[in-house]
Amino acid sequence: MYDVDVNGKVLKADAEPGTPLLWVLRDTLGMIGTKYGCGIAQCGACTVLIDGQATRSCQFPIEAVEQSKITTIEAITEDEVGRKVVEAWVAAQVPQCGYCQSGQVMAATALLKETPKPTDADISDAMSNLCRCGTYNAIAAAVRQAAA
Amino acid sequence: MNAHSPFDLDAATLVPTPDGVANLSRRRFLGVAAGALVLGVALPTGKARAQAEGAGAIAPKPGTRVPAFLEIRADGTVKLLSPFIEGGQGINTALAQIVGEELDVNPARFVVECAPPGPDYALVNGLRLTGGSFSTRSSYGAMRRLGATAREMLIRAAAAKLKVQDGELTTEDGKVVHAASGRSIGYGDLAGEALLLQPKDDVPLREPKTFRYIRQPVARLDVRDKSTGRAIYAIDQKVEGMLYAAVQHAAVLGTEPKALLNEADVKAMPGVHSVHRLPGAIAVAADTWWRARKAVEALKADWSAPAAQGVDTVSAEFSSETMLAALKASAEPGLPSETEGDADAAFAKAAKIIEADYDAPYLAHAQLEPPSSIARFNADGTLDLWVPNQMPELFQMIAGQTAGLTPDKVKIHSPLLGGFFGRHFMYGPANPFPQAILLAKATGRPVKVLWSREEEFLNDAVRPLSFSRFRAALDGAGNPTALEVRTVGEGPIGRWFGSIFKAPVDSSAVEGIVEKPYAIPNRKMAFAKLPHPVTIAFWRSVGHSMNDFFYESFLDEIADAGNKDPYAFRLALLKDKPRHLTLLKAVADLSGGWTRGPYEVDGVKRARGVAMASPFGSETATIAEASIEDGAARVHRLWIAIDPGSIVNPAIVKAQVESAAALGLSSALFEQVVYKDGVRQDRNYDSYKILARDHMPEVHVAIVESGAPMGGIGEPGLPGVPPAVANALAALTGERIRSLPIAKAKLSGA
Ligand code: FES
Ligand code: FES
């Protein structure tokens, strides 16, 4: 049994050591906004914030998250930067299928918290999540808009 | 098809019937499916609907019964049951625009959901499917009439209520208005009465000049939910008491688990409920998916052996290379797919003849949502199935066969798709839902099967590996007088819909090579069928995804052989095709005027290539700008002009064209599913490389509305990209890429 501090609430999770945070969130805690895409830290669909850092939760074992504060897409609009990012996403009409977008929004929020005025190179570096629908240009436009 | 094809295997093993397991032939399987789908159109479903509709309920014409599509709610919102499935293409928003335009309700107040199976929704030539870039163009007229018919019923209901004549009433965004008295009634307060009225079948449609929603960049209905994690996909569904299942498929397709070797150990693992053998797979059901996955990865089985060699089945020696060699070596004469003039005579007189072989690999869909399904048997003898699909009625039928139920006992839920690109048609062993049904049956509990990304890359149905041989005759002036193309292989229409579409030549194998607009007077195209032993698929733009690359690259080779500029060459070949000419000039304008290059930008050479395509009723012209970086291709900009005849939402059109272009570029640069020793090699995105941000070019899209019949949007942006890129690279290097992906080639010369 682990104590997991998610979106400001401490929740109990029954899982073996080594269980990725992603599956604790999705199946144990029922928070399904965070998505599974690859399971090997390649696609970024599972991105959450751990102590403010964008983190791929599919490769983050549950035992490592105790003592940390996790923010997921479910709480994104409770955060001032997150809210701005979401509004920019809506204004730029970013999503297509939408499946990657939870992770994209989390990655963008982490970027803008750390670097409020990112350069194009900052955006390229930080926004490495895959999008099979090819929304990369719309994402970059939305990040710039959220930073403006 | 041979007896060992994956399809027959699947049918034999996955379709239990009351008297055991039937060995269902492919013909019977599809024959049944096709028959029922067509028959379904003529059958009314359910008494309630018939009563709501009155006498008109018998044999409804698809797309006409208002209550089958619209629920007008008291709060002024409108629920629209869609014949189509939303997977990113924007169809839900487009339908809201089309219906809202005629119904007179702002599309923003629509809630759109995928309709359950039923004959009302068979809007694509009597079938129901989401694919072929058919959705908007096949339903546009019917959905406008539906909205207009419903609006007229609301007006009649209001007239009765207000005790005035119909003609005194108008509507205003969800209200019926009586201007003379200043009274109005919201649609929500009229819907109950209105939907009981007999619909009229001659309600006039709006004058297009007065459109407020159609042709506008109306905001997508699903964007906020998709930006805040609230959109629900198949993978997110959960039902009371369900078990999670993970599977491990046969490494070699067609082999079977004979025995489990460590069942007891695996059963003792945390959370494990049970351990199973399935057709072509082994499975573990557990209380969470992660536990099921850990357990199934620990599970060991003794597998049957594949055939030693050959390409009739996935043999121990089967590989992408042996398959390509078989396609090249085929001596099958084939059937003519397009014949014009006298190509043999033109070749006999030619001043110059050029020839080239082109090939393209198997491709995975790699949609970001891994496939999953939930099956739940209910106490009343019905089965609920949550299943990503592009054809609800066909899935309903096959699910029924798998479960031993009649189709009416199967309730299909069609969730939002986390990308599809052709992934979610009926592909025999490549669909997880039969596993969910068999496991739900075996465990007596609802079961959710989710394939890990690795299992998905192992078992996804693939775009067929493809091969065509080109030959052209040129006259003394360098103009092409004849073109001969021989295509060998198999297309997905022939494989999966052979009994519905009986044409001898599979259009999905030759589209992009036939029906090109260029004035080459003598043409001789042939198609020789050679089936693949692997599960083949529709993949965004289907045959066009490789054939336009082949054809438009070879067209540049002809231009080069005749010392002609590829753009001017195309203009000349299209001089009697005003629609194509306009489009080609439009893309040149969009790019700032045609220039082939090479030219230098920041000290690095760049060049441009051009290509055209005629996919799914639309026309496209594409220009790509590329350079070479460390021996690899780098695409900087794409310009795409698309003429879909007419459009519904320019913002969605542009976004879809850009999305398709990204996938086209991804396939051109990086992608290939490689078989070696009967086994697929790449099992995740680390080695199956797809386009990431670092290779995304600028994309500029121009929409040209020629007024031609409405064409498709979801796929047409793709096929022009690979040849435009390859043509740009040839302009840079002088070397021709004839085998995809480009990443295989070491590029030089820039
Ligand atoms: S699911 Fe975690 S990075 Fe892909
Ligand atoms: S929007 Fe579909 S994967 Fe990104």
# chains A, B, ... in the order shown; residues from 1 in each chain; ligands from 1
call {"tool": "residues_near_ligand", "arguments": {"ligand": "ligand 2", "cutoff": "8 Å", "atoms": "only C-alpha atoms and all ligand atoms", "output": "list in words"}}
result
Val94, Pro95, Gln96, Cys97, Gly98, Tyr99, Cys100, Gln101, Leu130, Cys131, Arg132, Cys133, Gly134 and Thr135 of chain A; Gly88, Gln367, Leu368, Glu369, Gly418 and Gly419 of chain B
call {"tool": "residues_near_ligand", "arguments": {"ligand": "ligand 1", "cutoff": "8 Å", "atoms": "only C-alpha atoms and all ligand atoms", "output": "ChimeraX atom specification"}}
result
/A:22,35-47,56-59,129
call {"tool": "write_last_selection", "arguments": {"atoms": "N, CA, C and O atoms", "output": "PDB file, in the first residue's frame"}}
result
ATOM      1  N   LEU A  22       1.714   5.324 -13.926  1.00  0.00           N
ATOM      2  CA  LEU A  22       0.638   5.405 -14.921  1.00  0.00           C
ATOM      3  C   LEU A  22      -0.514   4.464 -14.587  1.00  0.00           C
ATOM      4  O   LEU A  22      -1.689   4.836 -14.623  1.00  0.00           O
ATOM      5  N   LYS A  35      -2.781   9.087 -20.334  1.00  0.00           N
ATOM      6  CA  LYS A  35      -2.941   8.006 -21.318  1.00  0.00           C
ATOM      7  C   LYS A  35      -1.735   7.090 -21.423  1.00  0.00           C
ATOM      8  O   LYS A  35      -0.599   7.504 -21.176  1.00  0.00           O
ATOM      9  N   TYR A  36      -2.020   5.884 -21.840  1.00  0.00           N
ATOM     10  CA  TYR A  36      -0.980   4.901 -22.162  1.00  0.00           C
ATOM     11  C   TYR A  36      -0.770   4.871 -23.670  1.00  0.00           C
ATOM     12  O   TYR A  36      -1.734   4.667 -24.416  1.00  0.00           O
ATOM     13  N   GLY A  37       0.476   5.080 -24.094  1.00  0.00           N
ATOM     14  CA  GLY A  37       0.761   4.997 -25.523  1.00  0.00           C
ATOM     15  C   GLY A  37       1.798   3.942 -25.848  1.00  0.00           C
ATOM     16  O   GLY A  37       1.624   3.154 -26.766  1.00  0.00           O
ATOM     17  N   CYS A  38       2.883   3.918 -25.081  1.00  0.00           N
ATOM     18  CA  CYS A  38       3.990   3.016 -25.428  1.00  0.00           C
ATOM     19  C   CYS A  38       4.519   2.231 -24.239  1.00  0.00           C
ATOM     20  O   CYS A  38       5.048   1.144 -24.395  1.00  0.00           O
ATOM     21  N   GLY A  39       4.460   2.810 -23.051  1.00  0.00           N
ATOM     22  CA  GLY A  39       4.967   2.135 -21.861  1.00  0.00           C
ATOM     23  C   GLY A  39       6.477   2.170 -21.706  1.00  0.00           C
ATOM     24  O   GLY A  39       7.006   1.616 -20.739  1.00  0.00           O
ATOM     25  N   ILE A  40       7.185   2.781 -22.659  1.00  0.00           N
ATOM     26  CA  ILE A  40       8.659   2.781 -22.569  1.00  0.00           C
ATOM     27  C   ILE A  40       9.246   4.190 -22.660  1.00  0.00           C
ATOM     28  O   ILE A  40      10.357   4.379 -23.133  1.00  0.00           O
ATOM     29  N   ALA A  41       8.475   5.168 -22.217  1.00  0.00           N
ATOM     30  CA  ALA A  41       8.965   6.554 -22.165  1.00  0.00           C
ATOM     31  C   ALA A  41       9.341   7.113 -23.534  1.00  0.00           C
ATOM     32  O   ALA A  41      10.229   7.952 -23.656  1.00  0.00           O
ATOM     33  N   GLN A  42       8.653   6.646 -24.574  1.00  0.00           N
ATOM     34  CA  GLN A  42       8.945   7.126 -25.928  1.00  0.00           C
ATOM     35  C   GLN A  42       7.942   8.158 -26.420  1.00  0.00           C
ATOM     36  O   GLN A  42       8.279   9.032 -27.197  1.00  0.00           O
ATOM     37  N   CYS A  43       6.676   8.038 -26.022  1.00  0.00           N
ATOM     38  CA  CYS A  43       5.648   8.835 -26.698  1.00  0.00           C
ATOM     39  C   CYS A  43       5.167  10.032 -25.892  1.00  0.00           C
ATOM     40  O   CYS A  43       4.701  11.015 -26.457  1.00  0.00           O
ATOM     41  N   GLY A  44       5.243   9.963 -24.572  1.00  0.00           N
ATOM     42  CA  GLY A  44       4.831  11.100 -23.749  1.00  0.00           C
ATOM     43  C   GLY A  44       3.344  11.190 -23.451  1.00  0.00           C
ATOM     44  O   GLY A  44       2.907  12.117 -22.777  1.00  0.00           O
ATOM     45  N   ALA A  45       2.552  10.238 -23.922  1.00  0.00           N
ATOM     46  CA  ALA A  45       1.101  10.289 -23.676  1.00  0.00           C
ATOM     47  C   ALA A  45       0.783  10.251 -22.180  1.00  0.00           C
ATOM     48  O   ALA A  45      -0.263  10.712 -21.746  1.00  0.00           O
ATOM     49  N   CYS A  46       1.703   9.703 -21.394  1.00  0.00           N
ATOM     50  CA  CYS A  46       1.473   9.483 -19.963  1.00  0.00           C
ATOM     51  C   CYS A  46       2.058  10.593 -19.099  1.00  0.00           C
ATOM     52  O   CYS A  46       2.187  10.418 -17.883  1.00  0.00           O
ATOM     53  N   THR A  47       2.416  11.720 -19.726  1.00  0.00           N
ATOM     54  CA  THR A  47       3.123  12.774 -18.990  1.00  0.00           C
ATOM     55  C   THR A  47       2.281  13.351 -17.841  1.00  0.00           C
ATOM     56  O   THR A  47       1.130  13.741 -18.038  1.00  0.00           O
ATOM     57  N   ARG A  56       7.349  11.112 -17.498  1.00  0.00           N
ATOM     58  CA  ARG A  56       6.610  10.055 -18.209  1.00  0.00           C
ATOM     59  C   ARG A  56       6.272   8.959 -17.195  1.00  0.00           C
ATOM     60  O   ARG A  56       7.131   8.185 -16.786  1.00  0.00           O
ATOM     61  N   SER A  57       5.014   8.926 -16.821  1.00  0.00           N
ATOM     62  CA  SER A  57       4.621   8.112 -15.667  1.00  0.00           C
ATOM     63  C   SER A  57       4.648   6.617 -15.950  1.00  0.00           C
ATOM     64  O   SER A  57       4.591   5.816 -15.026  1.00  0.00           O
ATOM     65  N   CYS A  58       4.753   6.238 -17.216  1.00  0.00           N
ATOM     66  CA  CYS A  58       4.781   4.801 -17.529  1.00  0.00           C
ATOM     67  C   CYS A  58       6.087   4.156 -17.104  1.00  0.00           C
ATOM     68  O   CYS A  58       6.181   2.940 -17.016  1.00  0.00           O
ATOM     69  N   GLN A  59       7.126   4.982 -16.878  1.00  0.00           N
ATOM     70  CA  GLN A  59       8.421   4.432 -16.477  1.00  0.00           C
ATOM     71  C   GLN A  59       8.792   4.919 -15.083  1.00  0.00           C
ATOM     72  O   GLN A  59       9.957   4.922 -14.711  1.00  0.00           O
ATOM     73  N   ASN A 129       6.871  15.030 -27.109  1.00  0.00           N
ATOM     74  CA  ASN A 129       5.848  13.972 -27.154  1.00  0.00           C
ATOM     75  C   ASN A 129       5.418  13.690 -28.590  1.00  0.00           C
ATOM     76  O   ASN A 129       5.321  14.611 -29.403  1.00  0.00           O
TER      77      ASN A 129
END
call {"tool": "residues_around", "arguments": {"residues": "segment 340-344 of chain B", "least_positions_apart": "5", "cutoff": "6 Å", "atoms": "only C-alpha atoms", "output": "PDB file with all heavy atoms, in the first residue's frame"}}
result
ATOM      1  N   ALA B 482       3.851   6.379 -74.420  1.00  0.00           N
ATOM      2  CA  ALA B 482       3.205   5.206 -73.834  1.00  0.00           C
ATOM      3  C   ALA B 482       3.723   4.968 -72.425  1.00  0.00           C
ATOM      4  O   ALA B 482       4.870   5.287 -72.108  1.00  0.00           O
ATOM      5  CB  ALA B 482       3.461   3.960 -74.681  1.00  0.00           C
ATOM      6  N   ASN B 522      -1.046   6.310 -74.906  1.00  0.00           N
ATOM      7  CA  ASN B 522      -1.152   4.848 -74.906  1.00  0.00           C
ATOM      8  C   ASN B 522      -0.777   4.313 -73.533  1.00  0.00           C
ATOM      9  O   ASN B 522       0.296   4.602 -73.014  1.00  0.00           O
ATOM     10  CB  ASN B 522      -0.228   4.257 -75.969  1.00  0.00           C
ATOM     11  CG  ASN B 522      -0.530   4.846 -77.336  1.00  0.00           C
ATOM     12  OD1 ASN B 522      -1.578   4.593 -77.924  1.00  0.00           O
ATOM     13  ND2 ASN B 522       0.382   5.691 -77.826  1.00  0.00           N
ATOM     14  N   ARG B 523      -1.706   3.545 -72.962  1.00  0.00           N
ATOM     15  CA  ARG B 523      -1.437   3.062 -71.594  1.00  0.00           C
ATOM     16  C   ARG B 523      -1.820   1.593 -71.477  1.00  0.00           C
ATOM     17  O   ARG B 523      -2.826   1.147 -72.024  1.00  0.00           O
ATOM     18  CB  ARG B 523      -2.231   3.880 -70.581  1.00  0.00           C
ATOM     19  CG  ARG B 523      -1.916   5.363 -70.626  1.00  0.00           C
ATOM     20  CD  ARG B 523      -2.542   6.120 -69.477  1.00  0.00           C
ATOM     21  NE  ARG B 523      -3.997   6.131 -69.494  1.00  0.00           N
ATOM     22  CZ  ARG B 523      -4.735   6.953 -70.236  1.00  0.00           C
ATOM     23  NH1 ARG B 523      -4.153   7.821 -71.052  1.00  0.00           N
ATOM     24  NH2 ARG B 523      -6.053   6.892 -70.185  1.00  0.00           N
TER      25      ARG B 523
END
call {"tool": "closest_atom_pairs", "arguments": {"of": "chain B", "to": "chain A", "cutoff": "7 Å", "atoms": "only C-alpha atoms", "output": "CSV"}}
result
residue,atom,partner,partner_atom,distance
B:Gly87,CA,A:Cys97,CA,5.0
B:Gly88,CA,A:Cys97,CA,3.4
B:Gln89,CA,A:Gln96,CA,6.5
B:Val223,CA,A:Val90,CA,6.0
B:Arg224,CA,A:Val90,CA,5.9
B:Lys226,CA,A:Gly98,CA,5.1
B:Ser227,CA,A:Gln101,CA,5.9
B:Thr228,CA,A:Ile73,CA,6.0
B:Gly229,CA,A:Gly33,CA,4.2
B:Arg230,CA,A:Gly33,CA,6.1
B:Asp236,CA,A:Ile32,CA,6.0
B:Thr288,CA,A:Asp27,CA,6.3
B:Trp290,CA,A:Trp23,CA,6.5
B:Gln367,CA,A:Arg132,CA,6.0
B:Leu368,CA,A:Gly37,CA,5.5
B:Glu369,CA,A:Gly37,CA,5.9
B:Pro370,CA,A:Gly37,CA,6.5
B:Leu417,CA,A:Cys97,CA,6.7
B:Gly418,CA,A:Tyr99,CA,4.9
B:Gly419,CA,A:Cys97,CA,5.2
B:Arg453,CA,A:Cys38,CA,5.3
B:Ser659,CA,A:Gly134,CA,4.8
B:Ala662,CA,A:Gly134,CA,5.3
B:Leu663,CA,A:Gly134,CA,7.0
B:Asn684,CA,A:Cys38,CA,6.7
B:Tyr685,CA,A:Gln42,CA,6.4
B:Asp686,CA,A:Gln42,CA,6.4
B:Ala692,CA,A:Leu130,CA,5.6
B:Arg693,CA,A:Tyr136,CA,5.8
B:Asp694,CA,A:Ser124,CA,6.9
B:Met696,CA,A:Tyr136,CA,6.8
call {"tool": "residues_around", "arguments": {"residues": "Gln53 of chain A", "least_positions_apart": "2", "cutoff": "10 Å", "atoms": "only C-alpha atoms", "output": "PyMOL selection string"}}
result
chain A and resi 47-51+55-56+70-71+106-107+109-111+113-114
call {"tool": "write_last_selection", "arguments": {"atoms": "N, CA and C atoms", "output": "short mmCIF file (atom, residue, chain, number, x, y, z; two decimals), in the first residue's frame"}}
result
data_model
loop_
_atom_site.label_atom_id
_atom_site.label_comp_id
_atom_site.auth_asym_id
_atom_site.auth_seq_id
_atom_site.Cartn_x
_atom_site.Cartn_y
_atom_site.Cartn_z
N THR A 47 2.42 11.72 -19.73
CA THR A 47 3.12 12.77 -18.99
C THR A 47 2.28 13.35 -17.84
N VAL A 48 2.88 13.39 -16.66
CA VAL A 48 2.29 14.08 -15.50
C VAL A 48 3.37 15.00 -14.94
N LEU A 49 3.00 15.83 -13.99
CA LEU A 49 4.01 16.64 -13.31
C LEU A 49 4.33 15.98 -11.98
N ILE A 50 5.60 15.75 -11.74
CA ILE A 50 6.03 15.28 -10.43
C ILE A 50 6.89 16.39 -9.85
N ASP A 51 6.41 16.98 -8.79
CA ASP A 51 7.04 18.17 -8.20
C ASP A 51 7.34 19.20 -9.29
N THR A 55 7.02 14.44 -16.38
CA THR A 55 7.57 13.11 -16.15
C THR A 55 6.71 12.08 -16.85
N ARG A 56 7.35 11.11 -17.50
CA ARG A 56 6.61 10.06 -18.21
C ARG A 56 6.27 8.96 -17.20
N ILE A 70 2.15 14.99 -7.14
CA ILE A 70 1.84 14.67 -8.53
C ILE A 70 0.68 15.54 -9.00
N THR A 71 0.84 16.09 -10.19
CA THR A 71 -0.28 16.81 -10.80
C THR A 71 -0.63 16.10 -12.11
N MET A 106 0.31 18.72 -20.50
CA MET A 106 1.14 18.64 -19.29
C MET A 106 2.57 19.08 -19.60
N ALA A 107 3.10 18.63 -20.73
CA ALA A 107 4.48 19.00 -21.09
C ALA A 107 4.58 20.51 -21.31
N THR A 109 2.68 22.81 -20.00
CA THR A 109 2.53 23.49 -18.71
C THR A 109 3.85 23.48 -17.94
N ALA A 110 4.51 22.33 -17.94
CA ALA A 110 5.81 22.24 -17.26
C ALA A 110 6.81 23.19 -17.90
N LEU A 111 6.80 23.24 -19.22
CA LEU A 111 7.73 24.14 -19.92
C LEU A 111 7.49 25.60 -19.51
N LYS A 113 5.99 26.83 -16.94
CA LYS A 113 6.25 27.12 -15.53
C LYS A 113 7.73 27.42 -15.34
N GLU A 114 8.55 26.66 -16.03
CA GLU A 114 10.00 26.80 -15.90
C GLU A 114 10.52 27.96 -16.74
#
call {"tool": "residues_around", "arguments": {"residues": "segment 635-651 of chain B", "least_positions_apart": "3", "cutoff": "6 Å", "atoms": "only C-alpha atoms", "output": "VMD selection string"}}
result
chain B and resid 214 to 217 587 618 to 626 654 697 to 711
call {"tool": "write_last_selection", "arguments": {"atoms": "N, CA, C and O atoms", "output": "short mmCIF file (atom, residue, chain, number, x, y, z; two decimals), in the first residue's frame"}}
result
data_model
loop_
_atom_site.label_atom_id
_atom_site.label_comp_id
_atom_site.auth_asym_id
_atom_site.auth_seq_id
_atom_site.Cartn_x
_atom_site.Cartn_y
_atom_site.Cartn_z
N ILE B 214 -22.26 26.19 -42.51
CA ILE B 214 -21.53 25.44 -43.53
C ILE B 214 -20.56 26.39 -44.24
O ILE B 214 -20.91 27.53 -44.52
N ARG B 215 -19.37 25.91 -44.49
CA ARG B 215 -18.26 26.65 -45.10
C ARG B 215 -17.59 27.62 -44.13
O ARG B 215 -16.72 28.38 -44.52
N GLN B 216 -17.98 27.59 -42.86
CA GLN B 216 -17.31 28.45 -41.87
C GLN B 216 -16.35 27.61 -41.02
O GLN B 216 -16.60 26.43 -40.79
N PRO B 217 -15.29 28.25 -40.50
CA PRO B 217 -14.34 27.51 -39.64
C PRO B 217 -14.89 27.34 -38.23
O PRO B 217 -14.27 27.77 -37.25
N VAL B 587 -0.89 25.56 -56.39
CA VAL B 587 0.16 25.15 -55.45
C VAL B 587 1.46 25.87 -55.77
O VAL B 587 2.23 26.22 -54.86
N SER B 618 -11.20 13.72 -54.46
CA SER B 618 -10.57 15.04 -54.39
C SER B 618 -9.33 15.05 -55.28
O SER B 618 -8.87 14.01 -55.74
N GLU B 619 -8.82 16.25 -55.50
CA GLU B 619 -7.58 16.39 -56.27
C GLU B 619 -6.58 17.14 -55.39
O GLU B 619 -6.97 18.06 -54.65
N THR B 620 -5.32 16.75 -55.48
CA THR B 620 -4.31 17.50 -54.73
C THR B 620 -3.09 17.76 -55.60
O THR B 620 -2.79 16.99 -56.52
N ALA B 621 -2.43 18.87 -55.29
CA ALA B 621 -1.13 19.18 -55.88
C ALA B 621 -0.21 19.57 -54.73
O ALA B 621 -0.61 20.35 -53.85
N THR B 622 0.99 18.99 -54.72
CA THR B 622 1.88 19.13 -53.57
C THR B 622 3.27 19.54 -54.03
O THR B 622 3.78 19.01 -55.01
N ILE B 623 3.86 20.48 -53.31
CA ILE B 623 5.27 20.82 -53.52
C ILE B 623 5.99 20.65 -52.19
O ILE B 623 5.49 21.07 -51.15
N ALA B 624 7.14 19.99 -52.26
CA ALA B 624 7.96 19.79 -51.05
C ALA B 624 9.31 20.45 -51.26
O ALA B 624 9.86 20.44 -52.36
N GLU B 625 9.84 21.00 -50.19
CA GLU B 625 11.20 21.57 -50.21
C GLU B 625 12.07 20.77 -49.25
O GLU B 625 11.72 20.61 -48.08
N ALA B 626 13.18 20.26 -49.77
CA ALA B 626 14.01 19.37 -48.96
C ALA B 626 15.48 19.74 -49.07
O ALA B 626 15.91 20.39 -50.02
N LYS B 654 -8.14 22.12 -43.45
CA LYS B 654 -6.70 22.42 -43.38
C LYS B 654 -6.00 21.55 -42.35
O LYS B 654 -4.90 21.06 -42.58
N PRO B 697 7.68 19.60 -40.87
CA PRO B 697 7.93 20.80 -41.67
C PRO B 697 6.83 21.84 -41.48
O PRO B 697 5.79 21.55 -40.88
N GLU B 698 7.07 23.02 -42.00
CA GLU B 698 5.96 23.97 -42.18
C GLU B 698 5.01 23.37 -43.20
O GLU B 698 5.46 22.80 -44.19
N VAL B 699 3.71 23.53 -42.97
CA VAL B 699 2.74 23.03 -43.96
C VAL B 699 1.80 24.17 -44.33
O VAL B 699 1.20 24.79 -43.44
N HIS B 700 1.71 24.46 -45.60
CA HIS B 700 0.82 25.51 -46.09
C HIS B 700 -0.24 24.86 -46.98
O HIS B 700 0.11 24.12 -47.90
N VAL B 701 -1.49 25.14 -46.66
CA VAL B 701 -2.58 24.48 -47.39
C VAL B 701 -3.45 25.53 -48.07
O VAL B 701 -3.82 26.54 -47.45
N ALA B 702 -3.78 25.32 -49.32
CA ALA B 702 -4.75 26.16 -50.02
C ALA B 702 -5.93 25.30 -50.44
O ALA B 702 -5.74 24.18 -50.94
N ILE B 703 -7.13 25.79 -50.19
CA ILE B 703 -8.33 25.07 -50.59
C ILE B 703 -8.85 25.70 -51.87
O ILE B 703 -9.04 26.91 -51.94
N VAL B 704 -9.06 24.88 -52.86
CA VAL B 704 -9.64 25.36 -54.12
C VAL B 704 -10.99 24.66 -54.26
O VAL B 704 -11.05 23.43 -54.27
N GLU B 705 -12.06 25.42 -54.32
CA GLU B 705 -13.38 24.81 -54.48
C GLU B 705 -13.83 24.95 -55.92
O GLU B 705 -14.34 25.99 -56.32
N SER B 706 -13.67 23.89 -56.67
CA SER B 706 -14.02 23.95 -58.09
C SER B 706 -15.51 23.78 -58.32
O SER B 706 -15.99 24.01 -59.42
N GLY B 707 -16.23 23.34 -57.30
CA GLY B 707 -17.64 23.05 -57.50
C GLY B 707 -17.91 21.67 -58.04
O GLY B 707 -19.06 21.28 -58.24
N ALA B 708 -16.87 20.88 -58.23
CA ALA B 708 -17.05 19.48 -58.64
C ALA B 708 -17.74 18.73 -57.50
O ALA B 708 -17.77 19.23 -56.37
N PRO B 709 -18.27 17.52 -57.76
CA PRO B 709 -18.91 16.77 -56.67
C PRO B 709 -17.98 16.65 -55.46
O PRO B 709 -16.77 16.52 -55.62
N MET B 710 -18.56 16.73 -54.27
CA MET B 710 -17.75 16.77 -53.05
C MET B 710 -16.87 15.53 -52.91
O MET B 710 -17.33 14.40 -53.05
N GLY B 711 -15.60 15.77 -52.65
CA GLY B 711 -14.65 14.67 -52.47
C GLY B 711 -14.29 14.49 -51.01
O GLY B 711 -14.81 15.18 -50.13
#
call {"tool": "select_by_dssp", "arguments": {"residues": "segment 226-272 of chain B", "states": "helix (DSSP H, G or I)", "output": "list of chain:residue names"}}
result
B:Lys226, B:Ser227, B:Ala234, B:Ile235, B:Asp236, B:Glu263, B:Ala264, B:Asp265, B:Val266, B:Lys267
call {"tool": "write_last_selection", "arguments": {"atoms": "N, CA, C and O atoms", "output": "mmCIF file, in the first residue's frame"}}
result
data_model
loop_
_atom_site.group_PDB
_atom_site.id
_atom_site.type_symbol
_atom_site.label_atom_id
_atom_site.label_comp_id
_atom_site.auth_asym_id
_atom_site.auth_seq_id
_atom_site.Cartn_x
_atom_site.Cartn_y
_atom_site.Cartn_z
ATOM 1 N N LYS B 226 -10.801 17.314 -25.142
ATOM 2 C CA LYS B 226 -9.548 16.659 -25.540
ATOM 3 C C LYS B 226 -8.322 17.408 -25.022
ATOM 4 O O LYS B 226 -7.229 16.856 -25.021
ATOM 5 N N SER B 227 -8.509 18.649 -24.600
ATOM 6 C CA SER B 227 -7.389 19.417 -24.059
ATOM 7 C C SER B 227 -7.324 19.333 -22.538
ATOM 8 O O SER B 227 -6.406 19.875 -21.930
ATOM 9 N N ALA B 234 -11.911 4.051 -25.977
ATOM 10 C CA ALA B 234 -12.172 2.651 -25.619
ATOM 11 C C ALA B 234 -11.319 2.225 -24.427
ATOM 12 O O ALA B 234 -11.799 1.567 -23.495
ATOM 13 N N ILE B 235 -10.072 2.643 -24.441
ATOM 14 C CA ILE B 235 -9.134 2.214 -23.397
ATOM 15 C C ILE B 235 -9.550 2.716 -22.009
ATOM 16 O O ILE B 235 -9.147 2.167 -20.988
ATOM 17 N N ASP B 236 -10.377 3.767 -21.976
ATOM 18 C CA ASP B 236 -10.782 4.377 -20.704
ATOM 19 C C ASP B 236 -12.074 3.792 -20.134
ATOM 20 O O ASP B 236 -12.480 4.146 -19.030
ATOM 21 N N GLU B 263 1.662 -22.751 -15.891
ATOM 22 C CA GLU B 263 0.371 -22.186 -15.526
ATOM 23 C C GLU B 263 0.231 -21.956 -14.009
ATOM 24 O O GLU B 263 -0.223 -20.893 -13.573
ATOM 25 N N ALA B 264 0.662 -22.932 -13.223
ATOM 26 C CA ALA B 264 0.470 -22.832 -11.774
ATOM 27 C C ALA B 264 1.255 -21.653 -11.203
ATOM 28 O O ALA B 264 0.746 -20.886 -10.376
ATOM 29 N N ASP B 265 2.486 -21.491 -11.661
ATOM 30 C CA ASP B 265 3.314 -20.380 -11.171
ATOM 31 C C ASP B 265 2.661 -19.038 -11.496
ATOM 32 O O ASP B 265 2.636 -18.123 -10.692
ATOM 33 N N VAL B 266 2.167 -18.953 -12.705
ATOM 34 C CA VAL B 266 1.585 -17.677 -13.137
ATOM 35 C C VAL B 266 0.286 -17.401 -12.391
ATOM 36 O O VAL B 266 0.007 -16.272 -12.005
ATOM 37 N N LYS B 267 -0.465 -18.442 -12.157
ATOM 38 C CA LYS B 267 -1.723 -18.273 -11.412
ATOM 39 C C LYS B 267 -1.482 -17.742 -10.007
ATOM 40 O O LYS B 267 -2.340 -17.077 -9.420
#
